[in-house]
Amino acid sequence: MSKEIRDVFIIGGGINGTGIARDAQGRGLTVTLAEMDDLASATSSASTKLFHGGLRYLEYFEFDLVKKALIERETLLKAMPHISWPMRFVLPYHADMRFESTTPAAKLLTRVMPWMKGRRPAWMIRMGLFMYDHLGGRKILPGTKTLDLTRAPEGAPLKEKFRQAYEYSDCWVEDSRLVVLNARDAEERGAIVLTRTKVTSAERTGDHWTIETEDMNTGATETHLARSIVNAGGPWVEDIVRAKVRLNTSEGIRLVKGSHIVTKQLFDHGKCYFFQGEDGRIIFAIPYETDFTLIGTTDMEFEGDPADAACSDEETDYLLNFANQYFEQTLAREDVVWTYSGVRPLFDDGAMSATAATRDYVLSLDTAGPPILSVFGGKITTYRKLAEQSLAKLLPALGSKSGDWTAEVPLPGGDFPVDGFDALVAGISTEYPFLDPFWARRLVRAYGTEARAILASAKSAEDMGESFGATITEAELRWLMDKEYAQTATDVVWRRSKLGLRLTSDEIERIENWMNTARLAQSS
Ligand SMILES: Cc1cc2nc3c(=O)[nH]c(=O)nc-3n(C[C@H](O)[C@H](O)[C@H](O)COP(=O)(O)OP(=O)(O)OC[C@H]3O[C@@H](n4cnc5c(N)ncnc54)[C@H](O)[C@@H]3O)c2cc1C
């Protein structure tokens, strides 16, 4: 059977794989992407969900990485004002704070001012924030200011000793929705997106690659041909290089696990806290899904299958103790309603500690035959730039000269002004008066202008079909299955949405049953 030879075959449906797929297909290349599980089932749904420069990386003198990410924040915000929004970060400061810190900045400080050992003085934080405000330029996001915590509402949930704080800007992003929207956009432009499809081997055959895949639902195998491969396997990138493609290279990956805990809402303002710990690390406490607070992350070397990463009791206690240094209220294990964990695929640059390993990415192109590009590391924040740079490396080998295009083009549903979220919610609430405020906001946050396509001609809640709890209905499930590659209830309640925080196990089971029946009906 003669098969079409695609230009690019992408292994991995995380943010990097889907971002590259969208960019490449939009340049007129023909793209196939294979993801062995659900889209964003690995690291790309387990992040802290920030489009950020990474304030703490300044202490590691990672100025290029921070600058690149800071510049990118506003570009991304404009392309997806539904799933991303500005957030203010409150960094409490206390003169008695002491830190064990081995960062280059702390070491330099100790060398030139030995009496400062163990401290992160206020002027150093202010200097860092000044750089953060100016390194990347800002048009949308407001700059840093000082807060008097004895008066400001942000001081209320904190221990009394915290009387002063700095407040700066970064952005929130719904990480797994970002992945799905990139995949959808790629598919709408002509890409083939295969989920639950594992790449089992790939070999160079003349001027192209022959790639074998296995359907993880049925066990069926298939052969694909492509002129190039992008290995965007995240934590599996090294496994793909060595076991699936069998390249001869010494490049490696370092797996660093990061876990988060979720509690009921701990404070009622919309700002996020940036807490500094005595161990030199930092954690965030972030308003989450309206009624919850997200606390994370940890940083631990990881060995084993990245799919098995889970938040340990030790990590839960670490995060609780860390937060308890700051919050007036004492948190205990019983307060934790959900945890999640992911593995950072960091390029192995020989750094001593997990916290110190570089967060920047490395793109490695092997041209000993048809090309293969492997992606090591990367942040959610830099995915679009990473895609551009990946294509800059790959295009010459494919003889294509197309230019960058993704900076100004909104993702599906994001075609409204960056400050237009409330107006869109108001408009949709007027058009569909049966929506309560929670439902309307949730739909617009998830689908932006495409919420209208889900609501369609509905005149009442009943017109949306069966309701499964927490405002999720048959109409939405149908959309998620038809347009967003959802196959299981887990895909829906923990990745396309976070409704798992609100639904009972019975309700989730009803969703699973409904989806199974719908799938059977589709295939018969
Ligand atoms: C705790 C934590 C917090 C973070 N917070 C932030 C943050 O706030 N902001 C930020 O910018 N970044 C953050 N990051 C970093 C960011 O999440 C990752 O860099 C990014 O998600 C990596 O995406 P990826 O596509 O490379 O990998 P992944 O999302 O892991 O995708 C790789 C995919 O490849 C698939 N795959 C592997 N092998 C095969 C195969 N043989 N066949 C088919 N498919 C295969 C896997 O199933 C997986 O879905 C965080 C990371 C962690 C762990």
# chains A, B, ... in the order shown; residues from 1 in each chain; ligands from 1
call {"tool": "select_by_dssp", "arguments": {"residues": "segment 270-500 of chain A", "states": "strand (DSSP E or B)", "output": "NGL selection string"}}
result
:A and (272-276 or 282-288 or 292-296 or 300-301 or 327 or 336-347 or 362-366 or 372-376 or 467 or 473)
call {"tool": "residues_around", "arguments": {"residues": "Glu328 of chain A", "least_positions_apart": "3", "cutoff": "12 Å", "atoms": "only C-alpha atoms", "output": "ChimeraX atom specification"}}
result
/A:155-162,266-267,323-325,331
call {"tool": "write_last_selection", "arguments": {"atoms": "all heavy atoms", "output": "CSV table (one decimal), in the first residue's frame"}}
result
chain,number,residue,atom,x,y,z
A,155,GLY,N,-3.2,41.3,53.6
A,155,GLY,CA,-2.5,41.0,54.9
A,155,GLY,C,-3.3,40.2,55.8
A,155,GLY,O,-2.8,39.4,56.6
A,156,ALA,N,-4.7,40.2,55.6
A,156,ALA,CA,-5.6,39.6,56.6
A,156,ALA,C,-5.3,38.1,56.8
A,156,ALA,O,-5.3,37.6,57.9
A,156,ALA,CB,-7.0,39.8,56.1
A,157,PRO,N,-5.1,37.3,55.7
A,157,PRO,CA,-4.9,35.8,56.0
A,157,PRO,C,-3.6,35.5,56.5
A,157,PRO,O,-3.3,34.3,56.9
A,157,PRO,CB,-5.1,35.2,54.6
A,157,PRO,CG,-5.4,36.3,53.6
A,157,PRO,CD,-5.1,37.6,54.3
A,158,LEU,N,-2.7,36.4,56.6
A,158,LEU,CA,-1.3,36.1,56.9
A,158,LEU,C,-1.0,36.4,58.4
A,158,LEU,O,-1.7,37.1,59.1
A,158,LEU,CB,-0.3,37.0,56.1
A,158,LEU,CG,-0.4,36.9,54.6
A,158,LEU,CD1,0.6,37.8,53.9
A,158,LEU,CD2,-0.2,35.4,54.1
A,159,LYS,N,0.1,35.8,58.9
A,159,LYS,CA,0.5,36.0,60.3
A,159,LYS,C,0.8,37.5,60.5
A,159,LYS,O,1.3,38.1,59.5
A,159,LYS,CB,1.7,35.2,60.6
A,159,LYS,CG,1.5,33.7,60.7
A,159,LYS,CD,2.7,33.0,61.3
A,159,LYS,CE,2.7,31.5,61.2
A,159,LYS,NZ,1.5,30.7,61.6
A,160,GLU,N,0.6,37.9,61.7
A,160,GLU,CA,0.7,39.4,62.0
A,160,GLU,C,2.1,39.9,61.7
A,160,GLU,O,2.2,41.1,61.4
A,160,GLU,CB,0.3,39.6,63.4
A,160,GLU,CG,-0.6,40.8,63.6
A,160,GLU,CD,-1.0,41.0,65.0
A,160,GLU,OE1,-1.3,40.0,65.7
A,160,GLU,OE2,-1.0,42.1,65.5
A,161,LYS,N,3.1,39.1,61.9
A,161,LYS,CA,4.5,39.6,61.7
A,161,LYS,C,4.8,40.1,60.3
A,161,LYS,O,5.7,40.9,60.1
A,161,LYS,CB,5.5,38.6,62.1
A,161,LYS,CG,5.6,37.4,61.2
A,161,LYS,CD,6.8,36.5,61.7
A,161,LYS,CE,7.0,35.4,60.7
A,161,LYS,NZ,8.1,34.5,61.0
A,162,PHE,N,3.9,39.7,59.3
A,162,PHE,CA,4.2,40.2,57.9
A,162,PHE,C,3.5,41.5,57.8
A,162,PHE,O,2.2,41.5,57.7
A,162,PHE,CB,3.7,39.1,56.9
A,162,PHE,CG,4.5,37.8,57.0
A,162,PHE,CD1,3.9,36.7,57.6
A,162,PHE,CD2,5.8,37.8,56.5
A,162,PHE,CE1,4.6,35.5,57.7
A,162,PHE,CE2,6.5,36.6,56.6
A,162,PHE,CZ,5.9,35.5,57.2
A,266,LEU,N,-8.6,29.6,50.8
A,266,LEU,CA,-8.0,30.1,52.0
A,266,LEU,C,-8.1,31.6,52.2
A,266,LEU,O,-7.8,32.1,53.2
A,266,LEU,CB,-6.5,29.7,52.1
A,266,LEU,CG,-6.2,28.2,52.0
A,266,LEU,CD1,-4.7,27.9,52.0
A,266,LEU,CD2,-6.8,27.5,53.3
A,267,PHE,N,-8.4,32.3,51.1
A,267,PHE,CA,-8.5,33.8,51.1
A,267,PHE,C,-9.5,34.2,50.0
A,267,PHE,O,-9.6,33.5,49.0
A,267,PHE,CB,-7.2,34.4,51.0
A,267,PHE,CG,-6.3,33.9,49.9
A,267,PHE,CD1,-6.3,34.4,48.6
A,267,PHE,CD2,-5.4,32.8,50.2
A,267,PHE,CE1,-5.5,33.9,47.6
A,267,PHE,CE2,-4.6,32.3,49.2
A,267,PHE,CZ,-4.7,32.8,47.9
A,323,ALA,N,3.5,26.6,53.9
A,323,ALA,CA,2.3,27.6,53.9
A,323,ALA,C,2.0,28.0,55.3
A,323,ALA,O,1.7,29.2,55.5
A,323,ALA,CB,1.1,27.0,53.2
A,324,ASN,N,2.2,27.1,56.3
A,324,ASN,CA,1.9,27.4,57.7
A,324,ASN,C,2.8,28.5,58.2
A,324,ASN,O,2.5,29.1,59.3
A,324,ASN,CB,1.9,26.2,58.5
A,324,ASN,CG,0.6,25.4,58.3
A,324,ASN,OD1,-0.4,25.9,57.8
A,324,ASN,ND2,0.6,24.1,58.6
A,325,GLN,N,4.0,28.6,57.6
A,325,GLN,CA,4.9,29.7,58.1
A,325,GLN,C,4.3,31.1,57.8
A,325,GLN,O,4.7,32.1,58.4
A,325,GLN,CB,6.3,29.6,57.3
A,325,GLN,CG,6.9,28.3,57.2
A,325,GLN,CD,7.6,27.9,58.5
A,325,GLN,OE1,8.3,28.8,59.1
A,325,GLN,NE2,7.4,26.7,58.9
A,331,LEU,N,-2.9,24.8,58.5
A,331,LEU,CA,-3.4,23.8,57.6
A,331,LEU,C,-2.9,22.4,58.0
A,331,LEU,O,-1.7,22.3,58.4
A,331,LEU,CB,-2.9,24.1,56.1
A,331,LEU,CG,-3.4,25.5,55.6
A,331,LEU,CD1,-2.6,25.8,54.3
A,331,LEU,CD2,-4.9,25.4,55.3
call {"tool": "closest_atom_pairs", "arguments": {"of": "chain A", "to": "ligand 1", "cutoff": "6 Å", "atoms": "only C-alpha atoms and all ligand atoms", "output": "Markdown table"}}
result
| residue | atom | partner | partner_atom_place_in_ligand_line | distance |
| --- | --- | --- | --- | --- |
| A:Ile11 | CA | ligand 1 | 43 (C) | 5.0 |
| A:Gly12 | CA | ligand 1 | 34 (O) | 3.2 |
| A:Gly13 | CA | ligand 1 | 33 (C) | 4.8 |
| A:Gly14 | CA | ligand 1 | 31 (O) | 3.3 |
| A:Ile15 | CA | ligand 1 | 25 (O) | 4.1 |
| A:Asn16 | CA | ligand 1 | 25 (O) | 3.8 |
| A:Gly17 | CA | ligand 1 | 25 (O) | 5.4 |
| A:Ala34 | CA | ligand 1 | 43 (C) | 5.1 |
| A:Glu35 | CA | ligand 1 | 44 (N) | 3.8 |
| A:Met36 | CA | ligand 1 | 43 (C) | 3.9 |
| A:Asp37 | CA | ligand 1 | 47 (O) | 5.2 |
| A:Leu39 | CA | ligand 1 | 49 (O) | 5.8 |
| A:Ala40 | CA | ligand 1 | 49 (O) | 5.1 |
| A:Ser41 | CA | ligand 1 | 49 (O) | 5.0 |
| A:Ala42 | CA | ligand 1 | 30 (O) | 4.3 |
| A:Thr43 | CA | ligand 1 | 30 (O) | 3.9 |
| A:Ser44 | CA | ligand 1 | 21 (O) | 3.3 |
| A:Ala46 | CA | ligand 1 | 2 (C) | 5.8 |
| A:Ser47 | CA | ligand 1 | 4 (C) | 3.4 |
| A:Thr48 | CA | ligand 1 | 8 (O) | 3.7 |
| A:Lys49 | CA | ligand 1 | 8 (O) | 4.2 |
| A:Leu50 | CA | ligand 1 | 8 (O) | 3.8 |
| A:Phe51 | CA | ligand 1 | 11 (O) | 5.3 |
| A:Thr197 | CA | ligand 1 | 43 (C) | 5.9 |
| A:Lys198 | CA | ligand 1 | 42 (N) | 3.7 |
| A:Val199 | CA | ligand 1 | 42 (N) | 3.9 |
| A:Thr200 | CA | ligand 1 | 41 (N) | 5.8 |
| A:Ala232 | CA | ligand 1 | 26 (O) | 5.6 |
| A:Gly233 | CA | ligand 1 | 34 (O) | 3.5 |
| A:Gly234 | CA | ligand 1 | 27 (O) | 3.4 |
| A:Pro235 | CA | ligand 1 | 30 (O) | 5.5 |
| A:Trp236 | CA | ligand 1 | 37 (C) | 4.9 |
| A:Lys257 | CA | ligand 1 | 53 (C) | 5.9 |
| A:Gly258 | CA | ligand 1 | 1 (C) | 3.6 |
| A:Ser259 | CA | ligand 1 | 1 (C) | 5.4 |
| A:Thr297 | CA | ligand 1 | 1 (C) | 5.7 |
| A:Gly342 | CA | ligand 1 | 53 (C) | 4.3 |
| A:Val343 | CA | ligand 1 | 53 (C) | 4.3 |
| A:Arg344 | CA | ligand 1 | 53 (C) | 4.0 |
| A:Gly377 | CA | ligand 1 | 19 (O) | 5.6 |
| A:Gly378 | CA | ligand 1 | 19 (O) | 4.3 |
| A:Lys379 | CA | ligand 1 | 19 (O) | 3.7 |
| A:Ile380 | CA | ligand 1 | 11 (O) | 3.5 |
| A:Thr381 | CA | ligand 1 | 11 (O) | 3.7 |
call {"tool": "residues_around", "arguments": {"residues": "segment 312-317 of chain A", "least_positions_apart": "2", "cutoff": "7 Å", "atoms": "only C-alpha atoms", "output": "CSV table (one decimal) with N, CA and C atoms, in the first residue's frame"}}
result
chain,number,residue,atom,x,y,z
A,261,ILE,N,-0.7,20.8,46.0
A,261,ILE,CA,-1.9,20.4,46.8
A,261,ILE,C,-3.0,21.5,46.6
A,298,THR,N,6.8,21.4,44.8
A,298,THR,CA,8.0,20.8,45.4
A,298,THR,C,9.0,20.6,44.2
A,310,ALA,N,3.4,10.9,41.6
A,310,ALA,CA,2.2,11.2,42.5
A,310,ALA,C,2.8,12.0,43.7
A,319,LEU,N,4.7,21.0,51.8
A,319,LEU,CA,3.9,22.2,51.3
A,319,LEU,C,3.0,22.8,52.4
A,320,LEU,N,2.4,21.9,53.3
A,320,LEU,CA,1.6,22.4,54.4
A,320,LEU,C,2.5,23.2,55.3
A,321,ASN,N,3.6,22.7,55.7
A,321,ASN,CA,4.5,23.4,56.7
A,321,ASN,C,5.0,24.7,56.1
call {"tool": "residues_around", "arguments": {"residues": "Leu391 of chain A", "least_positions_apart": "6", "cutoff": "9 Å", "atoms": "only C-alpha atoms", "output": "MDAnalysis selection string"}}
result
chainID A and resid 20 23:24 404
call {"tool": "write_last_selection", "arguments": {"atoms": "all heavy atoms", "output": "short mmCIF file (atom, residue, chain, number, x, y, z; two decimals), in the first residue's frame"}}
result
data_model
loop_
_atom_site.label_atom_id
_atom_site.label_comp_id
_atom_site.auth_asym_id
_atom_site.auth_seq_id
_atom_site.Cartn_x
_atom_site.Cartn_y
_atom_site.Cartn_z
N ILE A 20 4.19 22.89 18.29
CA ILE A 20 4.97 22.73 17.05
C ILE A 20 4.04 22.27 15.92
O ILE A 20 4.15 22.73 14.78
CB ILE A 20 6.14 21.73 17.27
CG1 ILE A 20 7.15 22.31 18.26
CG2 ILE A 20 6.84 21.41 15.94
CD1 ILE A 20 8.21 21.33 18.76
N ASP A 23 2.11 25.31 14.62
CA ASP A 23 2.98 26.23 13.89
C ASP A 23 3.36 25.62 12.53
O ASP A 23 3.25 26.28 11.49
CB ASP A 23 4.22 26.51 14.75
CG ASP A 23 5.04 27.67 14.20
OD1 ASP A 23 4.93 27.95 12.99
OD2 ASP A 23 5.81 28.29 14.95
N ALA A 24 3.77 24.34 12.53
CA ALA A 24 4.24 23.71 11.29
C ALA A 24 3.11 23.60 10.27
O ALA A 24 3.27 23.93 9.09
CB ALA A 24 4.81 22.33 11.60
N ASP A 404 7.51 33.01 10.43
CA ASP A 404 6.77 32.89 11.69
C ASP A 404 5.39 33.54 11.54
O ASP A 404 5.25 34.55 10.89
CB ASP A 404 7.53 33.60 12.81
CG ASP A 404 8.88 32.95 13.07
OD1 ASP A 404 9.07 31.78 12.67
OD2 ASP A 404 9.74 33.62 13.68
#
call {"tool": "residues_around", "arguments": {"residues": "segment 412-415 of chain A", "least_positions_apart": "5", "cutoff": "10 Å", "atoms": "only C-alpha atoms", "output": "short mmCIF file (atom, residue, chain, number, x, y, z; two decimals) with all heavy atoms, in the first residue's frame"}}
result
data_model
loop_
_atom_site.label_atom_id
_atom_site.label_comp_id
_atom_site.auth_asym_id
_atom_site.auth_seq_id
_atom_site.Cartn_x
_atom_site.Cartn_y
_atom_site.Cartn_z
N LEU A 77 -1.08 36.28 26.18
CA LEU A 77 -2.31 36.80 26.79
C LEU A 77 -3.27 37.29 25.71
O LEU A 77 -4.48 37.01 25.74
CB LEU A 77 -1.91 37.97 27.70
CG LEU A 77 -2.83 38.40 28.81
CD1 LEU A 77 -3.18 37.24 29.71
CD2 LEU A 77 -2.13 39.49 29.64
N LYS A 78 -2.75 37.99 24.71
CA LYS A 78 -3.61 38.55 23.65
C LYS A 78 -4.19 37.46 22.76
O LYS A 78 -5.27 37.61 22.20
CB LYS A 78 -2.81 39.55 22.80
CG LYS A 78 -2.65 40.89 23.49
CD LYS A 78 -2.00 41.91 22.59
CE LYS A 78 -0.53 41.92 22.81
NZ LYS A 78 0.26 42.84 22.07
N ALA A 79 -3.48 36.35 22.62
CA ALA A 79 -3.93 35.28 21.72
C ALA A 79 -4.95 34.36 22.38
O ALA A 79 -5.58 33.55 21.70
CB ALA A 79 -2.74 34.46 21.26
N MET A 80 -5.10 34.47 23.70
CA MET A 80 -6.00 33.53 24.40
C MET A 80 -6.59 34.18 25.65
O MET A 80 -6.40 33.68 26.77
CB MET A 80 -5.25 32.25 24.75
CG MET A 80 -3.97 32.49 25.52
SD MET A 80 -2.91 31.03 25.55
CE MET A 80 -1.88 31.30 24.11
N PRO A 81 -7.32 35.31 25.49
CA PRO A 81 -7.80 36.00 26.69
C PRO A 81 -8.87 35.23 27.46
O PRO A 81 -9.29 35.68 28.53
CB PRO A 81 -8.36 37.32 26.12
CG PRO A 81 -8.61 37.05 24.68
CD PRO A 81 -7.67 35.99 24.25
N HIS A 82 -9.32 34.08 26.92
CA HIS A 82 -10.27 33.26 27.68
C HIS A 82 -9.53 32.37 28.69
O HIS A 82 -9.85 32.34 29.85
CB HIS A 82 -11.17 32.41 26.76
CG HIS A 82 -10.48 31.67 25.65
ND1 HIS A 82 -9.25 32.01 25.15
CD2 HIS A 82 -10.85 30.57 24.94
CE1 HIS A 82 -8.91 31.19 24.17
NE2 HIS A 82 -9.87 30.29 24.04
N ILE A 83 -8.47 31.68 28.24
CA ILE A 83 -7.82 30.70 29.13
C ILE A 83 -6.62 31.29 29.88
O ILE A 83 -5.98 30.61 30.67
CB ILE A 83 -7.39 29.43 28.37
CG1 ILE A 83 -6.40 29.76 27.24
CG2 ILE A 83 -8.61 28.67 27.84
CD1 ILE A 83 -5.65 28.54 26.73
N SER A 84 -6.31 32.55 29.61
CA SER A 84 -5.18 33.18 30.29
C SER A 84 -5.59 34.56 30.78
O SER A 84 -6.33 35.26 30.08
CB SER A 84 -4.01 33.29 29.31
OG SER A 84 -2.95 33.98 29.91
N LEU A 178 -4.80 24.84 27.02
CA LEU A 178 -3.86 25.41 26.05
C LEU A 178 -3.38 24.34 25.06
O LEU A 178 -3.30 24.58 23.85
CB LEU A 178 -2.66 26.01 26.80
CG LEU A 178 -1.53 26.57 25.95
CD1 LEU A 178 -1.98 27.80 25.19
CD2 LEU A 178 -0.32 26.92 26.83
N VAL A 180 -4.94 21.48 24.27
CA VAL A 180 -6.04 21.03 23.42
C VAL A 180 -6.33 22.07 22.33
O VAL A 180 -6.57 21.72 21.16
CB VAL A 180 -7.30 20.76 24.27
CG1 VAL A 180 -8.51 20.55 23.40
CG2 VAL A 180 -7.07 19.54 25.15
N LEU A 181 -6.28 23.34 22.68
CA LEU A 181 -6.58 24.38 21.69
C LEU A 181 -5.51 24.43 20.60
O LEU A 181 -5.81 24.65 19.42
CB LEU A 181 -6.73 25.75 22.36
CG LEU A 181 -7.94 25.88 23.29
CD1 LEU A 181 -8.05 27.30 23.84
CD2 LEU A 181 -9.25 25.51 22.59
N ASN A 182 -4.26 24.19 20.97
CA ASN A 182 -3.21 24.12 19.94
C ASN A 182 -3.44 22.93 19.02
O ASN A 182 -3.29 23.03 17.80
CB ASN A 182 -1.82 24.04 20.59
CG ASN A 182 -1.24 25.41 20.87
OD1 ASN A 182 -0.71 26.06 19.98
ND2 ASN A 182 -1.40 25.87 22.10
N ARG A 184 -6.33 21.43 18.39
CA ARG A 184 -7.51 21.70 17.55
C ARG A 184 -7.18 22.62 16.39
O ARG A 184 -7.60 22.41 15.26
CB ARG A 184 -8.57 22.40 18.41
CG ARG A 184 -9.49 21.45 19.09
CD ARG A 184 -10.74 22.17 19.52
NE ARG A 184 -11.40 22.79 18.39
CZ ARG A 184 -12.18 23.86 18.48
NH1 ARG A 184 -12.39 24.42 19.64
NH2 ARG A 184 -12.76 24.36 17.41
N ASP A 185 -6.42 23.67 16.72
CA ASP A 185 -6.09 24.63 15.68
C ASP A 185 -5.23 23.95 14.60
O ASP A 185 -5.43 24.18 13.41
CB ASP A 185 -5.35 25.83 16.28
CG ASP A 185 -5.45 27.05 15.38
OD1 ASP A 185 -6.58 27.42 15.04
OD2 ASP A 185 -4.41 27.60 15.00
N GLU A 188 -7.57 21.84 12.55
CA GLU A 188 -8.40 22.65 11.64
C GLU A 188 -7.61 23.15 10.45
O GLU A 188 -8.16 23.39 9.38
CB GLU A 188 -9.05 23.80 12.41
CG GLU A 188 -10.37 23.35 13.02
CD GLU A 188 -10.87 24.23 14.14
OE1 GLU A 188 -10.53 25.43 14.16
OE2 GLU A 188 -11.60 23.71 15.01
N GLY A 420 -11.66 41.95 27.21
CA GLY A 420 -13.07 41.79 26.85
C GLY A 420 -13.79 40.62 27.51
O GLY A 420 -14.92 40.30 27.13
N PHE A 421 -13.15 40.01 28.52
CA PHE A 421 -13.75 38.81 29.11
C PHE A 421 -15.12 39.11 29.75
O PHE A 421 -16.11 38.42 29.47
CB PHE A 421 -12.80 38.18 30.14
CG PHE A 421 -13.39 37.02 30.87
CD1 PHE A 421 -13.46 35.77 30.27
CD2 PHE A 421 -13.92 37.16 32.15
CE1 PHE A 421 -14.05 34.69 30.93
CE2 PHE A 421 -14.50 36.09 32.81
CZ PHE A 421 -14.56 34.85 32.20
N VAL A 444 -17.26 30.61 29.32
CA VAL A 444 -16.45 31.60 28.60
C VAL A 444 -14.97 31.41 28.91
O VAL A 444 -14.11 31.52 28.04
CB VAL A 444 -16.93 33.04 28.90
CG1 VAL A 444 -16.02 34.06 28.23
CG2 VAL A 444 -18.37 33.23 28.41
N ARG A 445 -14.63 31.08 30.16
CA ARG A 445 -13.24 30.80 30.52
C ARG A 445 -12.70 29.62 29.70
O ARG A 445 -11.57 29.64 29.23
CB ARG A 445 -13.11 30.47 32.00
CG ARG A 445 -12.92 31.65 32.88
CD ARG A 445 -11.50 32.19 32.78
NE ARG A 445 -11.31 33.48 33.43
CZ ARG A 445 -10.89 34.58 32.82
NH1 ARG A 445 -10.63 34.60 31.52
NH2 ARG A 445 -10.69 35.69 33.48
N ALA A 446 -13.53 28.61 29.54
CA ALA A 446 -13.04 27.41 28.85
C ALA A 446 -13.04 27.57 27.34
O ALA A 446 -12.09 27.17 26.66
CB ALA A 446 -13.90 26.21 29.25
N TYR A 447 -14.12 28.15 26.80
CA TYR A 447 -14.30 28.10 25.34
C TYR A 447 -14.28 29.47 24.68
O TYR A 447 -14.36 29.56 23.44
CB TYR A 447 -15.62 27.39 25.00
CG TYR A 447 -15.74 26.04 25.69
CD1 TYR A 447 -16.58 25.85 26.78
CD2 TYR A 447 -14.98 24.95 25.25
CE1 TYR A 447 -16.67 24.62 27.43
CE2 TYR A 447 -15.07 23.72 25.88
CZ TYR A 447 -15.91 23.56 26.97
OH TYR A 447 -15.99 22.34 27.60
N GLY A 448 -14.24 30.55 25.45
CA GLY A 448 -14.23 31.89 24.86
C GLY A 448 -15.44 32.08 23.96
O GLY A 448 -16.57 31.71 24.30
N THR A 449 -15.20 32.63 22.76
CA THR A 449 -16.31 32.92 21.84
C THR A 449 -16.97 31.62 21.36
O THR A 449 -18.11 31.64 20.90
CB THR A 449 -15.83 33.73 20.62
OG1 THR A 449 -14.73 33.03 20.04
CG2 THR A 449 -15.38 35.12 21.01
N GLU A 450 -16.27 30.50 21.46
CA GLU A 450 -16.85 29.23 21.01
C GLU A 450 -17.90 28.69 21.98
O GLU A 450 -18.57 27.70 21.67
CB GLU A 450 -15.75 28.19 20.80
CG GLU A 450 -14.88 28.51 19.59
CD GLU A 450 -13.99 27.36 19.19
OE1 GLU A 450 -13.51 26.63 20.07
OE2 GLU A 450 -13.78 27.17 17.98
N ALA A 451 -18.05 29.34 23.13
CA ALA A 451 -19.12 28.92 24.05
C ALA A 451 -20.45 28.95 23.32
O ALA A 451 -21.33 28.11 23.54
CB ALA A 451 -19.15 29.83 25.27
N ARG A 452 -20.58 29.90 22.41
CA ARG A 452 -21.84 30.03 21.64
C ARG A 452 -22.10 28.79 20.79
O ARG A 452 -23.24 28.40 20.59
CB ARG A 452 -21.81 31.26 20.73
CG ARG A 452 -21.91 32.56 21.49
CD ARG A 452 -22.22 33.72 20.54
NE ARG A 452 -22.34 34.97 21.26
CZ ARG A 452 -21.32 35.82 21.45
NH1 ARG A 452 -20.13 35.57 20.94
NH2 ARG A 452 -21.52 36.93 22.13
N ALA A 453 -21.04 28.19 20.30
CA ALA A 453 -21.23 26.99 19.46
C ALA A 453 -21.74 25.82 20.30
O ALA A 453 -22.47 24.96 19.81
CB ALA A 453 -19.91 26.62 18.78
#
call {"tool": "residues_around", "arguments": {"residues": "Cys311 of chain A", "least_positions_apart": "6", "cutoff": "8 Å", "atoms": "only C-alpha atoms", "output": "list in words"}}
result
Ser259, His260, Thr339, Tyr340 and Ser341 of chain A
call {"tool": "atom_distance", "arguments": {"atom1": "atom CA of Leu33 of chain A", "atom2": "atom CA of Ala489 of chain A"}}
result
22.7 Å
call {"tool": "residues_around", "arguments": {"residues": "Val237 of chain A", "least_positions_apart": "4", "cutoff": "8 Å", "atoms": "only C-alpha atoms", "output": "number ranges by chain"}}
result
A: 231-233, 241, 253, 374-376
call {"tool": "atom_distance", "arguments": {"atom1": "atom CA of Leu398 of chain A", "atom2": "atom CA of Asp366 of chain A"}}
result
13.2 Å
call {"tool": "closest_residue", "arguments": {"among": "A:Met127, A:Val230, A:Met481, A:Ile211", "to": "Ser364 of chain A", "atoms": "only C-alpha atoms"}}
result
A:Val230
call {"tool": "select_by_dssp", "arguments": {"residues": "segment 253-409 of chain A", "states": "alpha helix (DSSP H)", "output": "ChimeraX atom specification"}}
result
/A:313-324,383-398
call {"tool": "write_last_selection", "arguments": {"atoms": "C-alpha atoms", "output": "compact mmCIF listing (two decimals), in the first residue's frame"}}
result
# COMPACT_ATOMS: atom_id res chain seq x y z
CA ASP A 313 2.83 12.38 52.06
CA GLU A 314 6.26 13.89 52.58
CA GLU A 315 5.63 16.45 49.83
CA THR A 316 2.14 17.22 51.18
CA ASP A 317 3.61 17.87 54.64
CA TYR A 318 6.40 19.97 53.16
CA LEU A 319 3.91 22.21 51.34
CA LEU A 320 1.60 22.44 54.36
CA ASN A 321 4.48 23.36 56.68
CA PHE A 322 5.78 25.90 54.18
CA ALA A 323 2.35 27.57 53.87
CA ASN A 324 1.87 27.42 57.66
CA TYR A 383 6.10 26.94 24.06
CA ARG A 384 5.30 29.28 21.14
CA LYS A 385 8.87 30.57 20.87
CA LEU A 386 10.12 27.00 21.21
CA ALA A 387 7.89 26.00 18.27
CA GLU A 388 9.24 28.86 16.15
CA GLN A 389 12.81 27.97 16.98
CA SER A 390 12.19 24.26 16.34
CA LEU A 391 10.89 25.09 12.88
CA ALA A 392 13.77 27.45 12.20
CA LYS A 393 16.03 24.43 12.77
CA LEU A 394 13.93 21.95 10.83
CA LEU A 395 12.79 24.01 7.83
CA PRO A 396 16.13 24.16 5.97
CA ALA A 397 16.29 20.36 6.04
CA LEU A 398 12.76 20.28 4.59
call {"tool": "closest_residue", "arguments": {"among": "A:Ala202, A:Cys272, A:Val112, A:Ile454", "to": "Cys171 of chain A", "atoms": "only C-alpha atoms"}}
result
A:Cys272
call {"tool": "atom_distance", "arguments": {"atom1": "atom CA of Val31 of chain A", "atom2": "atom CA of Ala226 of chain A"}}
result
8.7 Å
